[in-house]
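Enquirer: Sharing upload_6.txt here; it has compact mmCIF, C-alpha atoms.
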# COMPACT_ATOMS: atom_id res chain seq x y z
CA MET A 357 -57.45 132.22 -62.88
CA ALA A 358 -61.12 131.49 -62.11
CA ALA A 359 -62.38 128.18 -63.43
CA GLU A 360 -64.40 128.83 -66.57
CA THR A 361 -66.02 125.46 -66.78
CA SER A 362 -67.32 123.24 -64.02
CA ASN A 363 -64.97 120.38 -64.89
CA PHE A 364 -61.88 122.61 -64.80
CA ASP A 365 -59.21 120.93 -62.69
CA LEU A 366 -57.84 123.54 -60.32
CA ASN A 367 -55.16 121.13 -59.13
CA ALA A 368 -53.67 121.11 -62.61
CA LEU A 369 -52.93 124.84 -62.49
CA PRO A 370 -49.66 124.91 -60.54
CA ASP A 371 -47.97 122.54 -63.00
CA SER A 372 -49.33 124.22 -66.10
CA GLU A 373 -47.81 127.59 -65.26
CA PRO A 374 -44.02 127.70 -65.39
CA CYS A 375 -42.34 128.66 -62.11
CA PRO A 376 -41.36 132.34 -62.48
CA PHE A 377 -38.08 131.87 -60.61
CA CYS A 378 -37.16 128.88 -62.80
CA VAL A 379 -37.82 131.12 -65.81
CA ILE A 380 -35.37 133.68 -64.40
CA ALA A 381 -32.82 130.98 -63.53
CA SER A 382 -32.85 129.58 -67.06
CA ALA A 383 -32.62 133.03 -68.72
CA TYR A 384 -29.64 134.42 -66.80
CA PRO A 385 -26.19 132.80 -66.98
CA TYR A 386 -23.95 132.94 -63.96
CA PHE A 387 -21.24 135.53 -63.56
CA ASP A 388 -18.31 136.09 -61.22
CA PRO A 389 -19.59 138.29 -58.35
CA ASN A 390 -16.03 139.69 -58.10
CA SER A 391 -16.35 141.24 -61.57
CA PRO A 392 -20.05 141.71 -62.27
CA PRO A 393 -21.33 142.68 -65.74
CA ASN A 394 -22.15 146.28 -66.67
CA PRO A 395 -25.81 147.24 -67.01
CA SER A 396 -25.42 147.24 -70.81
CA ASP A 397 -24.30 143.59 -70.77
CA ASP A 398 -26.83 141.14 -72.18
CA ASP A 399 -26.19 138.84 -69.21
CA VAL A 400 -28.12 141.22 -66.94
CA ASP A 401 -30.59 142.62 -69.49
CA PRO A 402 -33.83 143.01 -67.46
CA ASP A 403 -35.93 142.28 -70.55
CA LYS A 404 -34.69 138.76 -71.10
CA VAL A 405 -37.81 137.75 -69.18
CA SER A 406 -41.21 139.23 -68.47
CA PRO A 407 -41.83 140.82 -66.05
CA ALA A 408 -38.38 142.46 -66.21
CA SER A 409 -35.81 141.05 -63.76
CA PHE A 410 -32.98 142.92 -62.08
CA ILE A 411 -30.20 140.50 -61.26
CA VAL A 412 -27.94 141.18 -58.28
CA LEU A 413 -26.13 137.85 -58.01
CA SER A 414 -25.95 134.84 -60.29
CA THR A 415 -23.75 131.94 -59.22
CA PRO A 416 -23.86 128.34 -60.46
CA THR A 417 -26.04 127.56 -57.41
CA LEU A 418 -27.88 130.75 -56.43
CA LEU A 419 -29.66 133.78 -57.84
CA ALA A 420 -30.51 137.12 -56.21
CA PHE A 421 -32.74 139.71 -57.85
CA LEU A 422 -34.91 142.64 -56.90
CA ASP A 423 -38.45 142.00 -55.66
CA ILE A 424 -40.74 143.54 -58.29
CA MET A 425 -43.17 144.64 -55.57
CA PRO A 426 -40.68 145.96 -53.02
CA LEU A 427 -41.59 146.84 -49.45
CA SER A 428 -38.65 149.28 -49.54
CA PRO A 429 -35.90 150.23 -52.03
CA GLY A 430 -33.39 147.38 -52.18
CA HIS A 431 -35.87 144.64 -51.21
CA LEU A 432 -34.35 141.59 -52.84
CA LEU A 433 -34.82 137.85 -53.12
CA LEU A 434 -32.23 135.08 -52.84
CA CYS A 435 -33.02 131.58 -54.11
CA PRO A 436 -31.35 128.44 -55.38
CA ARG A 437 -31.41 128.04 -59.18
CA ARG A 438 -32.70 124.51 -58.85
CA HIS A 439 -36.42 124.29 -58.21
CA ALA A 440 -37.39 123.32 -54.67
CA GLN A 441 -40.53 124.44 -52.89
CA LYS A 442 -39.49 124.76 -49.26
CA LEU A 443 -36.34 125.19 -47.22
CA SER A 444 -36.64 121.53 -46.26
CA ASP A 445 -36.36 120.64 -49.96
CA VAL A 446 -32.97 122.26 -50.65
CA SER A 447 -29.71 120.27 -50.49
CA ALA A 448 -27.26 120.62 -47.61
CA SER A 449 -24.81 122.51 -49.83
CA GLU A 450 -27.51 124.83 -51.19
CA ALA A 451 -28.58 125.57 -47.59
CA ALA A 452 -24.99 126.46 -46.63
CA GLU A 453 -24.47 128.68 -49.66
CA LEU A 454 -27.80 130.43 -49.02
CA GLY A 455 -26.61 131.06 -45.45
CA GLN A 456 -23.30 132.48 -46.66
CA TYR A 457 -24.84 134.78 -49.24
CA LEU A 458 -27.48 136.06 -46.80
CA ARG A 459 -24.53 137.52 -44.89
CA ILE A 460 -22.80 138.91 -47.99
CA LEU A 461 -26.01 140.39 -49.40
CA SER A 462 -26.87 141.89 -46.00
CA LYS A 463 -23.54 143.71 -45.96
CA ALA A 464 -24.01 144.82 -49.57
CA LEU A 465 -27.54 146.10 -48.84
CA VAL A 466 -26.37 148.22 -45.91
CA LYS A 467 -23.42 149.56 -47.90
CA THR A 468 -25.56 150.36 -50.95
CA THR A 469 -28.75 151.71 -49.40
CA GLY A 470 -27.25 153.25 -46.25
CA VAL A 471 -30.14 151.70 -44.32
CA GLN A 472 -28.74 150.06 -41.17
CA ASP A 473 -31.68 147.82 -40.27
CA TRP A 474 -33.23 145.00 -42.30
CA ASN A 475 -35.30 141.83 -42.12
CA VAL A 476 -34.51 138.43 -43.56
CA VAL A 477 -37.72 136.45 -44.15
CA GLN A 478 -38.32 133.08 -45.72
CA ASN A 479 -41.86 131.69 -46.02
CA ASN A 480 -42.70 128.01 -46.45
CA GLY A 481 -46.21 127.12 -47.60
CA ALA A 482 -49.45 129.02 -48.08
CA ALA A 483 -50.23 129.29 -44.36
CA ALA A 484 -46.85 131.01 -43.96
CA ALA A 485 -47.62 133.49 -46.78
CA GLN A 486 -45.44 131.82 -49.44
CA VAL A 487 -46.67 133.11 -52.81
CA VAL A 488 -44.08 131.81 -55.32
CA ASN A 489 -43.53 128.10 -54.73
CA HIS A 490 -39.79 128.24 -55.33
CA VAL A 491 -37.91 128.57 -52.03
CA HIS A 492 -36.56 132.11 -51.52
CA TYR A 493 -35.31 134.44 -48.83
CA HIS A 494 -36.42 138.07 -48.72
CA LEU A 495 -33.94 140.73 -47.61
CA ILE A 496 -35.87 143.88 -46.74
CA PRO A 497 -34.21 147.16 -45.72
CA ARG A 498 -36.09 148.90 -42.92
CA PRO A 499 -35.63 152.65 -43.00
CA GLU A 500 -36.64 154.33 -39.74
CA ILE A 501 -40.29 154.56 -40.69
CA ARG A 502 -41.75 154.69 -37.21
CA ALA A 503 -40.49 158.19 -36.56
CA SER A 504 -42.32 159.43 -39.64
CA GLY A 505 -45.65 158.19 -38.38
CA ARG A 506 -46.27 156.52 -41.71
CA PHE A 507 -46.86 153.19 -40.04
CA SER A 508 -48.03 152.27 -36.59
CA GLU A 509 -45.35 151.13 -34.18
CA SER A 510 -45.65 147.45 -34.88
CA PHE A 511 -46.12 147.15 -38.58
CA THR A 512 -47.20 144.21 -40.58
CA MET A 513 -44.40 142.29 -42.23
CA PHE A 514 -46.52 141.09 -45.11
CA GLY A 515 -49.83 141.84 -46.68
CA ARG A 516 -50.29 145.26 -45.16
CA GLY A 517 -46.93 146.86 -45.87
CA VAL A 518 -46.99 149.41 -48.67
CA ARG A 519 -45.73 147.60 -51.75
CA SER A 520 -45.53 149.47 -55.02
CA GLU A 521 -44.31 148.22 -58.36
CA LEU A 522 -40.58 148.58 -59.03
CA ASP A 523 -39.80 151.26 -61.60
CA ASP A 524 -37.67 149.81 -64.43
CA GLU A 525 -35.10 152.62 -64.54
CA GLU A 526 -34.77 152.55 -60.77
CA GLY A 527 -34.38 148.76 -60.94
CA VAL A 528 -31.46 148.98 -63.38
CA ILE A 529 -29.61 151.50 -61.21
CA LEU A 530 -30.34 149.71 -57.95
CA ALA A 531 -29.30 146.31 -59.27
CA GLU A 532 -26.04 147.74 -60.62
CA SER A 533 -25.30 149.42 -57.27
CA LEU A 534 -26.01 146.19 -55.43
CA ARG A 535 -23.80 144.13 -57.75
CA GLU A 536 -21.05 146.68 -57.07
CA GLY A 537 -21.87 146.44 -53.33
CA VAL A 538 -21.44 142.66 -53.41
CA ARG A 539 -18.13 143.07 -55.29
CA LEU A 540 -16.85 145.52 -52.65
CA VAL A 541 -17.91 143.26 -49.77
CA LEU A 542 -16.13 140.27 -51.34
CA GLU A 543 -13.04 142.41 -51.95
CA GLU A 544 -13.01 143.48 -48.29
CA GLU A 545 -13.43 139.87 -47.16
CA ALA A 546 -10.55 138.76 -49.36
CA SER A 547 -8.25 141.51 -48.12
CA LYS A 548 -9.14 140.71 -44.48
CA ALA A 549 -8.43 137.03 -45.11
CA LYS A 550 -4.93 137.96 -46.31
CA LEU A 551 -4.05 139.88 -43.12
CA MET B 1482 -36.40 150.03 -16.75
CA ALA B 1483 -37.65 153.59 -16.35
CA ALA B 1484 -35.02 156.07 -15.25
CA GLU B 1485 -35.48 156.70 -11.56
CA THR B 1486 -33.27 159.75 -11.34
CA SER B 1487 -32.80 162.54 -13.81
CA ASN B 1488 -29.09 161.83 -14.26
CA PHE B 1489 -29.70 158.16 -15.09
CA ASP B 1490 -27.74 157.29 -18.22
CA LEU B 1491 -30.03 155.32 -20.50
CA ASN B 1492 -27.18 154.67 -22.90
CA ALA B 1493 -25.37 152.71 -20.22
CA LEU B 1494 -28.19 150.16 -19.97
CA PRO B 1495 -27.37 147.84 -22.88
CA ASP B 1496 -23.85 147.19 -21.62
CA SER B 1497 -24.83 146.86 -17.99
CA GLU B 1498 -27.32 144.08 -18.66
CA PRO B 1499 -25.77 140.81 -19.79
CA CYS B 1500 -26.95 139.58 -23.19
CA PRO B 1501 -29.57 136.89 -22.45
CA PHE B 1502 -28.40 134.68 -25.33
CA CYS B 1503 -24.77 134.91 -24.16
CA VAL B 1504 -26.00 133.81 -20.72
CA ILE B 1505 -27.62 130.75 -22.32
CA ALA B 1506 -24.53 130.07 -24.47
CA SER B 1507 -22.24 130.08 -21.45
CA ALA B 1508 -24.55 127.90 -19.33
CA TYR B 1509 -25.11 125.05 -21.80
CA PRO B 1510 -22.25 122.86 -23.04
CA TYR B 1511 -22.43 121.46 -26.53
CA PHE B 1512 -23.64 117.96 -27.27
CA ASP B 1513 -23.67 115.66 -30.26
CA PRO B 1514 -26.99 116.23 -32.10
CA ASN B 1515 -26.79 112.56 -33.19
CA SER B 1516 -27.14 111.43 -29.58
CA PRO B 1517 -28.85 114.23 -27.65
CA PRO B 1518 -29.08 114.16 -23.85
CA ASN B 1519 -32.19 112.94 -22.01
CA PRO B 1520 -34.42 115.54 -20.35
CA SER B 1521 -33.03 114.46 -16.94
CA ASP B 1522 -29.46 115.27 -18.04
CA ASP B 1523 -27.97 118.35 -16.40
CA ASP B 1524 -26.70 119.50 -19.83
CA VAL B 1525 -30.25 120.43 -20.83
CA ASP B 1526 -31.65 121.36 -17.40
CA PRO B 1527 -33.94 124.32 -18.18
CA ASP B 1528 -33.22 125.88 -14.79
CA LYS B 1529 -29.50 126.42 -15.33
CA VAL B 1530 -30.56 129.95 -16.33
CA SER B 1531 -33.45 132.28 -15.62
CA PRO B 1532 -35.85 132.48 -17.36
CA ALA B 1533 -35.77 128.72 -17.99
CA SER B 1534 -34.28 127.68 -21.35
CA PHE B 1535 -35.27 124.70 -23.45
CA ILE B 1536 -32.31 123.64 -25.58
CA VAL B 1537 -32.93 121.97 -28.93
CA LEU B 1538 -29.42 122.09 -30.40
CA SER B 1539 -26.04 122.95 -28.92
CA THR B 1540 -22.99 122.69 -31.18
CA PRO B 1541 -19.57 124.29 -30.69
CA THR B 1542 -20.78 127.12 -32.98
CA LEU B 1543 -24.57 127.33 -32.67
CA LEU B 1544 -27.46 127.10 -30.21
CA ALA B 1545 -31.16 126.53 -30.81
CA PHE B 1546 -33.77 126.85 -28.07
CA LEU B 1547 -37.49 127.48 -27.70
CA ASP B 1548 -38.78 131.04 -27.84
CA ILE B 1549 -40.19 131.73 -24.38
CA MET B 1550 -43.01 133.80 -25.92
CA PRO B 1551 -43.92 131.52 -28.82
CA LEU B 1552 -46.19 132.57 -31.67
CA SER B 1553 -47.04 128.87 -32.08
CA PRO B 1554 -45.91 125.59 -30.44
CA GLY B 1555 -42.41 124.78 -31.64
CA HIS B 1556 -41.39 128.42 -32.29
CA LEU B 1557 -37.64 128.30 -31.84
CA LEU B 1558 -34.56 130.44 -32.16
CA LEU B 1559 -31.21 129.64 -33.78
CA CYS B 1560 -28.15 131.76 -33.02
CA PRO B 1561 -24.36 131.61 -32.99
CA ARG B 1562 -22.84 131.11 -29.51
CA ARG B 1563 -20.47 133.99 -30.08
CA HIS B 1564 -22.00 137.41 -29.54
CA ALA B 1565 -22.72 139.39 -32.70
CA GLN B 1566 -25.53 141.86 -33.15
CA LYS B 1567 -26.54 141.52 -36.78
CA LEU B 1568 -26.26 139.02 -39.60
CA SER B 1569 -23.55 141.24 -41.11
CA ASP B 1570 -21.49 140.70 -37.93
CA VAL B 1571 -21.25 136.91 -38.05
CA SER B 1572 -18.29 135.12 -39.63
CA ALA B 1573 -18.49 133.40 -43.01
CA SER B 1574 -18.38 129.98 -41.37
CA GLU B 1575 -21.05 130.90 -38.80
CA ALA B 1576 -23.26 132.13 -41.65
CA ALA B 1577 -22.85 128.84 -43.51
CA GLU B 1578 -23.55 126.72 -40.42
CA LEU B 1579 -26.62 128.85 -39.64
CA GLY B 1580 -27.82 128.21 -43.20
CA GLN B 1581 -27.28 124.47 -42.87
CA TYR B 1582 -29.06 124.17 -39.53
CA LEU B 1583 -32.02 126.27 -40.72
CA ARG B 1584 -32.67 123.43 -43.15
CA ILE B 1585 -32.14 120.67 -40.55
CA LEU B 1586 -34.28 122.43 -37.93
CA SER B 1587 -37.00 123.10 -40.53
CA LYS B 1588 -37.19 119.38 -41.27
CA ALA B 1589 -37.18 118.55 -37.56
CA LEU B 1590 -39.95 121.08 -36.87
CA VAL B 1591 -42.23 119.61 -39.55
CA LYS B 1592 -41.51 116.07 -38.37
CA THR B 1593 -42.11 116.91 -34.71
CA THR B 1594 -45.08 119.28 -34.87
CA GLY B 1595 -46.77 117.85 -37.98
CA VAL B 1596 -47.26 121.44 -39.15
CA GLN B 1597 -46.28 121.64 -42.84
CA ASP B 1598 -45.87 125.42 -43.17
CA TRP B 1599 -43.47 127.71 -41.35
CA ASN B 1600 -41.65 131.06 -41.45
CA VAL B 1601 -37.96 131.76 -41.02
CA VAL B 1602 -37.40 135.32 -39.82
CA GLN B 1603 -34.27 137.18 -38.83
CA ASN B 1604 -34.47 140.82 -37.69
CA ASN B 1605 -31.53 143.24 -37.74
CA GLY B 1606 -31.84 146.44 -35.71
CA ALA B 1607 -34.65 148.18 -33.87
CA ALA B 1608 -36.38 149.43 -37.04
CA ALA B 1609 -36.58 145.79 -38.16
CA ALA B 1610 -38.12 144.70 -34.80
CA GLN B 1611 -34.95 143.13 -33.35
CA VAL B 1612 -35.50 142.91 -29.58
CA VAL B 1613 -32.53 140.85 -28.33
CA ASN B 1614 -29.31 142.30 -29.77
CA HIS B 1615 -27.68 138.93 -30.40
CA VAL B 1616 -28.25 137.79 -33.98
CA HIS B 1617 -30.87 135.02 -34.20
CA TYR B 1618 -33.21 133.36 -36.66
CA HIS B 1619 -36.80 132.56 -35.70
CA LEU B 1620 -38.41 129.36 -37.00
CA ILE B 1621 -42.17 129.65 -36.58
CA PRO B 1622 -44.60 126.85 -37.43
CA ARG B 1623 -47.77 128.16 -39.11
CA PRO B 1624 -50.74 125.91 -38.46
CA GLU B 1625 -53.63 126.58 -40.84
CA ILE B 1626 -55.03 129.37 -38.70
CA ARG B 1627 -56.87 131.22 -41.42
CA ALA B 1628 -59.48 128.51 -41.77
CA SER B 1629 -60.29 128.80 -38.08
CA GLY B 1630 -61.07 132.48 -38.37
CA ARG B 1631 -58.85 133.17 -35.39
CA PHE B 1632 -56.81 135.70 -37.36
CA SER B 1633 -57.65 137.84 -40.33
CA GLU B 1634 -56.39 136.64 -43.68
CA SER B 1635 -53.17 138.56 -43.68
CA PHE B 1636 -51.86 138.36 -40.17
CA THR B 1637 -49.13 140.29 -38.54
CA MET B 1638 -45.80 138.51 -38.33
CA PHE B 1639 -44.69 140.34 -35.23
CA GLY B 1640 -46.12 142.46 -32.51
CA ARG B 1641 -49.73 141.57 -33.06
CA GLY B 1642 -49.55 137.79 -33.27
CA VAL B 1643 -50.86 136.04 -30.18
CA ARG B 1644 -47.80 135.26 -28.07
CA SER B 1645 -48.27 133.55 -24.75
CA GLU B 1646 -45.63 132.49 -22.28
CA LEU B 1647 -44.19 129.02 -22.78
CA ASP B 1648 -45.35 126.55 -20.13
CA ASP B 1649 -42.32 124.89 -18.45
CA GLU B 1650 -43.62 121.32 -18.64
CA GLU B 1651 -44.62 121.80 -22.25
CA GLY B 1652 -41.18 123.26 -22.95
CA VAL B 1653 -39.39 120.21 -21.57
CA ILE B 1654 -41.48 117.82 -23.69
CA LEU B 1655 -41.29 119.94 -26.83
CA ALA B 1656 -37.53 120.46 -26.59
CA GLU B 1657 -36.98 116.73 -26.10
CA SER B 1658 -39.18 115.93 -29.11
CA LEU B 1659 -37.30 118.45 -31.23
CA ARG B 1660 -33.87 117.11 -30.17
CA GLU B 1661 -35.14 113.66 -31.20
CA GLY B 1662 -36.48 115.20 -34.44
CA VAL B 1663 -33.05 116.64 -35.24
CA ARG B 1664 -31.44 113.27 -34.46
CA LEU B 1665 -33.85 111.50 -36.85
CA VAL B 1666 -33.27 114.05 -39.62
CA LEU B 1667 -29.49 113.68 -39.31
CA GLU B 1668 -29.84 109.88 -39.32
CA GLU B 1669 -31.91 110.04 -42.51
CA GLU B 1670 -29.37 112.38 -44.13
CA ALA B 1671 -26.53 110.02 -43.23
CA SER B 1672 -28.33 106.97 -44.59
CA LYS B 1673 -29.17 108.80 -47.83
CA ALA B 1674 -25.53 109.87 -48.18
CA LYS B 1675 -24.51 106.19 -48.00
CA LEU B 1676 -26.80 105.13 -50.87
Would you mind writing the file's structure down as structure tokens?
Expert:
Amino acid sequence: MAAETSNFDLNALPDSEPCPFCVIASAYPYFDPNSPPNPSDDDVDPDKVSPASFIVLSTPTLLAFLDIMPLSPGHLLLCPRRHAQKLSDVSASEAAELGQYLRILSKALVKTTGVQDWNVVQNNGAAAAQVVNHVHYHLIPRPEIRASGRFSESFTMFGRGVRSELDDEEGVILAESLREGVRLVLEEEASKAKL
Amino acid sequence: MAAETSNFDLNALPDSEPCPFCVIASAYPYFDPNSPPNPSDDDVDPDKVSPASFIVLSTPTLLAFLDIMPLSPGHLLLCPRRHAQKLSDVSASEAAELGQYLRILSKALVKTTGVQDWNVVQNNGAAAAQVVNHVHYHLIPRPEIRASGRFSESFTMFGRGVRSELDDEEGVILAESLREGVRLVLEEEASKAKL
């Protein structure tokens, strides 16, 4: 990404590279979270895009998929399909649906990973550590790492956490389990609503 | 909080101390965010509770107030009035309203502080650095601090950031400005909806 000539316009870069989350949004059609596709289904084929994407949720408005550099197993991202840079740029209805699915995905994460604690983080702008300029929430399971002595007591949320690349086979299995987790959560909600 | 006798039951502590956010919720009545009270109004008197609270938003469902140990000026918290520990414990409608007001408060924060970048953070459980066991989102303005050299490039989100106690006079002024910021944002939304 370094400028190769002195008259290279750095400001032109952001527009010349397609937004990676818009690429994902355009490649994956939406599906009913109450009956998610099987891993063999083309609709969730990780290799429709590069790098591979592991889709957890795909509604007409929102997408959730695994972070490809997870801080912990299950680390996922939730974003609107429509491009918007910051949380202040989403519509009122997108904001509400994001809020609703943060709750659903939180329940699904706990159910699927068995990890009881997690962070929800959403960064707006470079000074706030936003890397991809398409608004997104992180959901990050937090296994009890302090007891293991692997990290100091107050660990860094970003930048210093141990992030390693997601293994493709692991991604397929994890995404399928999380889609099933979402389905189960929605089923439980529906049966509670009937009582 | 150290046990003073050997038969002191540490597990009894959480229940014996009232939840500080429930205390705030019960002390402050709700008001219309389109016509917020003046600072002299009893409805937003910081000294109705101890420590003093600086209310930014108070709806039938939600409350927003300044963090009393801010990471930056304007650092505020958004929570449901009803007690729930984690994001998985809120209702579907609370989750949606939280999502909607994260967007409104984000806009109000930028408008009021002039700081263009900010983090939204929500911690669930001790391993995820949750301190007060009443579900809440942080909104944290991020002034361009890296340029100043005050922090290293990748700074700690929690625990190591510089947090200093909120000054009471500053709190009154900031909360009033933010209530006015919310009012302006809602006014703009309403006028756009009419177009």
Enquirer: What lies within 12 Å of stretch 1506-1514 of chain B using only C-alpha atoms, ignoring chain neighbours under 3 positions off, as a PyMOL selection string?
Expert: chain B and resi 1499-1503+1517-1519+1522-1531+1533-1546+1559-1564+1582+1585-1586+1589+1615+1657+1659-1668
Enquirer: Out of B:Leu1568, B:Val1612, B:Met1550, B:Ile1654, which residue has the shortest atom-to-atom distance to chain A when counting only C-alpha atoms?
Expert: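 When distances to chain A are compared using only C-alpha atoms, the smallest one comes from B:Leu1568.
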Enquirer: Define the interface residues of chain A facing chain B as those within 6 Å, counting only C-alpha atoms, and report them as a count of residues only.
Expert: 26
Enquirer: Between atom CA of A:Ser520 and atom CA of A:Ala440, what distance in Å does the model show, to one decimal?
Expert: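 About the pair atom CA of A:Ser520 and atom CA of A:Ala440: they are 27.4 Å apart.
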Enquirer: Would you work out the distance separating atom CA of B:Leu1676 from atom CA of A:Val491, expressed in Å to one decimal?
Expert: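 About the pair atom CA of B:Leu1676 and atom CA of A:Val491: they are 26.0 Å apart.
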